[in-house]
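> Sharing a structure with you now.
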Amino acid sequence: MLTEALPVLDFKVKSIVHDYEVNFIDDSLAVLNNEIRDGDVVIMDQKIKELYNTIPAAIPENNLMIDIKAHEKQKSYEGLVPIINKLIESGFRKNHRLIGIGGGITQDITAFTASIMYRGVNWIFFPTTLLAQGDSCIGSKTSINFGEYKNQIGGFYPPNSIYIDLNFLNTLSPSDLQSGMGEMSHYFVVAGYEDFKKYKHDYKSALSDKTVLTKMVARSLMIKKSYIEIDEFDRNERQVFNYGHSFGHAIESLTNYAVPHGIAVSFGMDMANFVSVKMDLLEPKIRKEIRELLQKIWKGYDIKDLDVERFCDALAKDKKNVGRELRLILCKGYGEVFKTPVKNDERFKNWLANYFKNELD
């Protein structure tokens with residue numbers, strides 16, 4: 001990535017829990033050195049520890065560092081037990097803070113732990129993946145898994161400060177970058193035509209130009225901020241951000257997470273648009289315009305072999321559903337994304353069968 005000076009894009013997010021700051025930085029090590037206090041505990045993804053050994057080396061000896069394997073099993077009650085044990089045994093107190101350094105799983109583990117330790121302690125987040133930087137770092141959501149059920153337990157507990165350093169992205173795999181771009185893409189459709197047009201135009205250059213990508217990440221977060229500040233607890237307006245996610249979560253589940261989250265969401269957005277066309281809600285022309293971008297994001301992944309019956313069963317387990325009806329986020333056009341009930345019936349299954357057979361060549 002290029003290393004031009006970053007534009008100043010810092011902002012504050014208003015929250016019912018507590019307001020928090022988002023800061024774009026270019027030197028995580030210097031910021032961490034300046035930020036860390038006596039008693040603070042760092043929770044770090046093992047991959048980050050291995051890739052950026054100057055970071056753990058800079059943590060003072062009297063500050064505990066807990067390195068974790070950032071996978072779904074760690075993000076559970078069982079996975080949190082050794083972390084909480086270490087905190088209590090180390091003398092961690094109510095006035096101390098947790099500092100999370102990693103991607104979305106590290107974020108959830110740090111946030112959930114912070115929310116339950118002594119009924120809530122402050123925490124700071126350094127997101128290291130594009131998906132976390134462009135999406136999950138704001139919004140307050142924190143969740144862990146329960147057995148085989150993903151993200152079923154949690155709450156809303158934002159960090160006090162977020163430090164976004166795009167230099168971490170230099171060591172991401174192409175699929176991780178694609179996943180982040182896929183996750184961010186749904187915000188730009190929700191925002192409207194001009195936002196989506198610019199996102200589509202800048203997609204290729206963002207992958208090699210840090211200045212372009214930084215502005216893209218900042219815009220993605222600003223779109224999200226405008227919704228979460230009026231519906232932080234995801235009861236009304238914010239639910240449009242589930243666009244592509246019901247289908248995407250089913251894809252993740254049935255492929256055992258071989259398809260990364262943001263790429264599954266890009267497939268899911270196209271499926272939502274396909275259903276929207278079938279229901280005469282969306283012009284085929286607009287679906288095609290959006291699909292041209294989504295195809296670039298999911299390039300290299302194939303979901304044609306997914307079983308329709310199992311897919312519909314997975315959709316039926318989505319936590320947004322009411323009774324036996326699916327609650328899907330569909331699209332009438334740019335800036336016109338909305339939630340609507342859809343029957344999980346034979347007509348719907350035939351649409352999906354058609355999609356898997358004919359829409360993925």
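In the structure tokens, chains take the letters A, B, ... in the order shown, each chain's residues start at 1, and ligands count up from 1 in the order shown.
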If we count only C-alpha atoms, what is near Glu21 in chain A at a cut-off of 12 Å, once residues fewer than 2 positions away on the same chain are taken out, given as a list in words?
Leu9, Asp10, Phe11, Lys12, Val13, Lys14, Ser15, His18, Asp19, Asn23, Phe24, Trp123, Ile124, Phe125, Cys137, Ile138, Gly139, Pro158, Pro159, Asn160, Ser161, Ile162, Tyr163, Ile164 and Lys225 of chain A
> Could you please take those selected residues and save N, CA, C and O atoms as a short mmCIF file (atom, residue, chain, number, x, y, z; two decimals), in the first residue's frame?

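For reference, out08.cif as written:
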```
data_model
loop_
_atom_site.label_atom_id
_atom_site.label_comp_id
_atom_site.auth_asym_id
_atom_site.auth_seq_id
_atom_site.Cartn_x
_atom_site.Cartn_y
_atom_site.Cartn_z
N LEU A 9 -9.73 12.27 9.60
CA LEU A 9 -11.09 11.74 9.46
C LEU A 9 -11.67 11.31 10.81
O LEU A 9 -12.67 10.62 10.85
N ASP A 10 -11.04 11.73 11.91
CA ASP A 10 -11.49 11.30 13.24
C ASP A 10 -12.91 11.81 13.52
O ASP A 10 -13.31 12.87 13.03
N PHE A 11 -13.65 11.04 14.30
CA PHE A 11 -15.01 11.46 14.67
C PHE A 11 -15.41 10.79 15.97
O PHE A 11 -14.73 9.89 16.48
N LYS A 12 -16.53 11.23 16.52
CA LYS A 12 -17.06 10.67 17.76
C LYS A 12 -18.42 10.03 17.48
O LYS A 12 -19.21 10.55 16.68
N VAL A 13 -18.69 8.92 18.15
CA VAL A 13 -19.98 8.24 18.03
C VAL A 13 -20.74 8.41 19.34
O VAL A 13 -20.21 8.14 20.42
N LYS A 14 -21.98 8.85 19.23
CA LYS A 14 -22.83 8.99 20.42
C LYS A 14 -23.45 7.64 20.76
O LYS A 14 -23.94 6.93 19.88
N SER A 15 -23.42 7.29 22.04
CA SER A 15 -23.95 6.01 22.48
C SER A 15 -24.69 6.18 23.79
O SER A 15 -24.29 6.99 24.64
N HIS A 18 -21.95 4.84 26.43
CA HIS A 18 -21.00 5.95 26.59
C HIS A 18 -20.50 6.33 25.20
O HIS A 18 -20.32 5.47 24.33
N ASP A 19 -20.32 7.63 24.97
CA ASP A 19 -19.79 8.09 23.69
C ASP A 19 -18.36 7.56 23.52
O ASP A 19 -17.66 7.30 24.49
N ASN A 23 -10.39 7.15 15.88
CA ASN A 23 -9.20 7.89 15.47
C ASN A 23 -8.45 7.12 14.39
O ASN A 23 -8.17 5.93 14.54
N PHE A 24 -8.14 7.79 13.28
CA PHE A 24 -7.34 7.20 12.22
C PHE A 24 -5.87 7.55 12.50
O PHE A 24 -5.52 8.72 12.61
N TRP A 123 -12.68 -0.19 27.83
CA TRP A 123 -11.81 -0.94 26.92
C TRP A 123 -11.51 -0.12 25.68
O TRP A 123 -12.24 0.81 25.33
N ILE A 124 -10.41 -0.46 25.04
CA ILE A 124 -9.90 0.24 23.86
C ILE A 124 -9.69 -0.80 22.76
O ILE A 124 -9.34 -1.94 23.04
N PHE A 125 -9.87 -0.39 21.50
CA PHE A 125 -9.78 -1.36 20.41
C PHE A 125 -8.88 -0.85 19.29
O PHE A 125 -9.04 0.27 18.81
N CYS A 137 -16.09 -2.33 14.20
CA CYS A 137 -15.48 -1.60 15.31
C CYS A 137 -16.44 -0.60 15.95
O CYS A 137 -16.30 -0.30 17.14
N ILE A 138 -17.41 -0.09 15.20
CA ILE A 138 -18.43 0.77 15.81
C ILE A 138 -19.77 0.04 15.81
O ILE A 138 -19.97 -0.92 15.08
N GLY A 139 -20.67 0.51 16.67
CA GLY A 139 -22.01 -0.08 16.69
C GLY A 139 -22.38 -0.74 18.00
O GLY A 139 -23.54 -1.08 18.20
N PRO A 158 -19.82 -0.59 23.76
CA PRO A 158 -18.78 -0.07 22.87
C PRO A 158 -17.46 0.19 23.57
O PRO A 158 -17.42 0.37 24.79
N PRO A 159 -16.37 0.22 22.80
CA PRO A 159 -15.09 0.64 23.39
C PRO A 159 -15.13 2.13 23.72
O PRO A 159 -16.03 2.85 23.28
N ASN A 160 -14.17 2.58 24.51
CA ASN A 160 -14.07 4.00 24.82
C ASN A 160 -13.30 4.75 23.74
O ASN A 160 -13.55 5.93 23.50
N SER A 161 -12.37 4.06 23.11
CA SER A 161 -11.59 4.64 22.01
C SER A 161 -11.29 3.55 20.99
O SER A 161 -11.07 2.39 21.35
N ILE A 162 -11.29 3.94 19.72
CA ILE A 162 -10.94 3.05 18.62
C ILE A 162 -9.81 3.70 17.84
O ILE A 162 -9.89 4.89 17.49
N TYR A 163 -8.76 2.93 17.55
CA TYR A 163 -7.63 3.44 16.78
C TYR A 163 -7.48 2.60 15.51
O TYR A 163 -7.17 1.40 15.58
N ILE A 164 -7.73 3.22 14.37
CA ILE A 164 -7.70 2.51 13.09
C ILE A 164 -6.39 2.81 12.37
O ILE A 164 -6.12 3.96 11.98
N LYS A 225 -22.67 5.03 11.37
CA LYS A 225 -22.86 5.94 12.51
C LYS A 225 -24.21 6.65 12.41
O LYS A 225 -24.92 6.81 13.42
#
```
> As a ChimeraX atom specification, please: every residue in range 109-336 of chain A that DSSP puts in alpha helix (DSSP H).
/A:109-116,130-131,174-191,193-206,210-228,245-254,261-278,284-297,308-316
> Quick one: pick out all strand (DSSP E) residues within range 18-152 of chain A from a backbone DSSP run and write them as an NGL selection string.
:A and (20-25 or 41-45 or 65-68 or 98-102 or 123-127 or 141-146 or 149-152)
> Choose the residue, out of A:Gly244, A:Gly262, A:Gly335, A:Gly147, that has the smallest atom-to-atom separation from Phe188 in chain A; count only C-alpha atoms.
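Once distances to Phe188 in chain A are computed over only C-alpha atoms, the minimum belongs to A:Gly335.
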> Restricting the calculation to only C-alpha atoms: of A:Lys75, A:Ile55, A:Ile16, A:Thr340, which residue gets closest to Asp231 in chain A?
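The closest residue to Asp231 in chain A is A:Ile16.
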> Which one of A:Leu282, A:Ile263, A:Ala316, A:Leu330 sits closest to Asp302 in chain A if you count only C-alpha atoms?
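Among A:Leu282, A:Ile263, A:Ala316, A:Leu330, it is A:Ile263 that comes nearest to Asp302 in chain A.
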> Nearest residue to Tyr199 in chain A out of A:Leu294, A:Phe233, A:Leu328, A:Glu148, using only C-alpha atoms?
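When distances to Tyr199 in chain A are compared using only C-alpha atoms, the smallest one comes from A:Leu294.
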> Would you pick out the contacts of Ala58 in chain A at 9 Å or less, using only C-alpha atoms, so that residues sharing its chain but fewer than 4 positions from it are not included, and give the list as a list in words?
Leu29, Leu32, Asn33, Asn53 and Thr54 of chain A
> Show which residues sit within 8 Å of Val337 in chain A, as a PDB file with C-alpha atoms, in the first residue's frame. Count only C-alpha atoms, and ignore same-chain residues fewer than 3 positions away.

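Full text of result31.pdb as output:
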```
ATOM      1  CA  VAL A 189     -26.135   0.402  -1.394  1.00  0.00           C
ATOM      2  CA  VAL A 190     -28.092   1.391   1.717  1.00  0.00           C
ATOM      3  CA  VAL A 240     -31.461  -2.551   7.123  1.00  0.00           C
ATOM      4  CA  TYR A 243     -28.999  -6.669   3.970  1.00  0.00           C
ATOM      5  CA  ILE A 329     -33.905  -7.397   4.015  1.00  0.00           C
ATOM      6  CA  LEU A 330     -34.754  -6.770   0.361  1.00  0.00           C
ATOM      7  CA  CYS A 331     -34.060  -3.932  -2.047  1.00  0.00           C
ATOM      8  CA  LYS A 332     -36.193  -1.587  -4.146  1.00  0.00           C
ATOM      9  CA  GLY A 333     -33.165   0.380  -5.353  1.00  0.00           C
ATOM     10  CA  TYR A 334     -30.257   2.450  -4.115  1.00  0.00           C
TER      11      TYR A 334
END
```
> Using only C-alpha atoms, find each residue of range 88-154 of chain A with at least one atom at most 9 Å away from an atom of range 179-186 of chain A; report its shortest atom-to-atom pair and that distance in Å (one decimal), sort the rows by chain and rising residue number, and return the result as a Markdown table.

```
| residue | atom | partner | partner_atom | distance |
| --- | --- | --- | --- | --- |
| A:Thr129 | CA | A:Gly180 | CA | 7.5 |
| A:Leu130 | CA | A:Gly180 | CA | 4.7 |
| A:Leu131 | CA | A:Gly180 | CA | 4.0 |
| A:Ala132 | CA | A:Gly180 | CA | 7.7 |
| A:Gln133 | CA | A:Gly180 | CA | 8.4 |
| A:Gly134 | CA | A:Met184 | CA | 6.2 |
| A:Asp135 | CA | A:Met184 | CA | 6.5 |
```
> Could you write out that same residue set with N, CA, C and O atoms as a PDB file, in the first residue's frame?

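Contents of selection24.pdb, freshly written:
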```
ATOM      1  N   THR A 129      -8.234  -5.936  10.982  1.00  0.00           N
ATOM      2  CA  THR A 129      -8.741  -6.458   9.710  1.00  0.00           C
ATOM      3  C   THR A 129      -9.593  -5.390   9.047  1.00  0.00           C
ATOM      4  O   THR A 129     -10.135  -4.501   9.706  1.00  0.00           O
ATOM      5  N   LEU A 130      -9.726  -5.497   7.732  1.00  0.00           N
ATOM      6  CA  LEU A 130     -10.550  -4.521   7.018  1.00  0.00           C
ATOM      7  C   LEU A 130     -12.007  -4.628   7.442  1.00  0.00           C
ATOM      8  O   LEU A 130     -12.709  -3.624   7.551  1.00  0.00           O
ATOM      9  N   LEU A 131     -12.458  -5.844   7.721  1.00  0.00           N
ATOM     10  CA  LEU A 131     -13.849  -6.035   8.141  1.00  0.00           C
ATOM     11  C   LEU A 131     -14.112  -5.331   9.475  1.00  0.00           C
ATOM     12  O   LEU A 131     -15.139  -4.668   9.647  1.00  0.00           O
ATOM     13  N   ALA A 132     -13.175  -5.440  10.398  1.00  0.00           N
ATOM     14  CA  ALA A 132     -13.344  -4.778  11.691  1.00  0.00           C
ATOM     15  C   ALA A 132     -13.189  -3.272  11.567  1.00  0.00           C
ATOM     16  O   ALA A 132     -13.912  -2.505  12.211  1.00  0.00           O
ATOM     17  N   GLN A 133     -12.262  -2.825  10.731  1.00  0.00           N
ATOM     18  CA  GLN A 133     -12.027  -1.392  10.578  1.00  0.00           C
ATOM     19  C   GLN A 133     -13.185  -0.704   9.868  1.00  0.00           C
ATOM     20  O   GLN A 133     -13.585   0.399  10.250  1.00  0.00           O
ATOM     21  N   GLY A 134     -13.736  -1.342   8.839  1.00  0.00           N
ATOM     22  CA  GLY A 134     -14.767  -0.702   8.039  1.00  0.00           C
ATOM     23  C   GLY A 134     -16.182  -0.983   8.485  1.00  0.00           C
ATOM     24  O   GLY A 134     -17.133  -0.433   7.920  1.00  0.00           O
ATOM     25  N   ASP A 135     -16.341  -1.829   9.528  1.00  0.00           N
ATOM     26  CA  ASP A 135     -17.696  -2.195   9.940  1.00  0.00           C
ATOM     27  C   ASP A 135     -17.830  -2.401  11.442  1.00  0.00           C
ATOM     28  O   ASP A 135     -18.368  -1.571  12.159  1.00  0.00           O
TER      29      ASP A 135
END
```
> Which residue out of A:Asp202, A:Asp27, A:Asp176, A:Glu78 has the minimum interatomic distance to Asn145 in chain A when only C-alpha atoms are used?
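Checking each candidate against Asn145 in chain A, we get A:Glu78 as the closest.
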> Using only C-alpha atoms, which protein or nucleic acid residues come within 6 Å of range 101-118 of chain A? Drop anything in the same chain fewer than 6 positions from it, and give the result as number ranges by chain.
A: 44-45, 70, 75, 126-129, 132, 142-143
> Under the rule that only C-alpha atoms are counted, which of A:Leu254, A:Glu346, A:Phe356, A:Lys197 is the nearest residue to Asp270 in chain A?
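The closest residue to Asp270 in chain A is A:Phe356.
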> Hey, can you check how far CA of Gln239 in chain A sits from CA of Ile251 in chain A?
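CA of Ile251 in chain A lies 19.7 Å from CA of Gln239 in chain A.
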> Mind checking which residues fall within 10 Å of Glu309 in chain A, counting only C-alpha atoms, ignoring those fewer than 6 positions away in the same chain, and posting them as an mmCIF file with N, CA, C and O atoms, in the first residue's frame?

```cif
data_model
loop_
_atom_site.group_PDB
_atom_site.id
_atom_site.type_symbol
_atom_site.label_atom_id
_atom_site.label_comp_id
_atom_site.auth_asym_id
_atom_site.auth_seq_id
_atom_site.Cartn_x
_atom_site.Cartn_y
_atom_site.Cartn_z
ATOM 1 N N LEU A 315 -31.827 -20.789 6.744
ATOM 2 C CA LEU A 315 -32.511 -19.489 6.754
ATOM 3 C C LEU A 315 -33.602 -19.452 7.818
ATOM 4 O O LEU A 315 -33.812 -18.425 8.469
ATOM 5 N N LYS A 349 -38.434 -21.577 -2.448
ATOM 6 C CA LYS A 349 -37.410 -22.605 -2.656
ATOM 7 C C LYS A 349 -37.083 -22.763 -4.139
ATOM 8 O O LYS A 349 -35.922 -22.993 -4.506
ATOM 9 N N LEU A 352 -34.710 -20.047 -5.142
ATOM 10 C CA LEU A 352 -33.344 -20.323 -4.706
ATOM 11 C C LEU A 352 -32.715 -21.423 -5.566
ATOM 12 O O LEU A 352 -31.524 -21.340 -5.910
ATOM 13 N N ALA A 353 -33.500 -22.448 -5.908
ATOM 14 C CA ALA A 353 -32.980 -23.499 -6.783
ATOM 15 C C ALA A 353 -32.560 -22.909 -8.120
ATOM 16 O O ALA A 353 -31.505 -23.269 -8.678
#
```
> What is the CA of Met216 in chain A to CA of Leu169 in chain A distance in Å?
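Result for CA of Met216 in chain A versus CA of Leu169 in chain A: 14.0 Å, one decimal.
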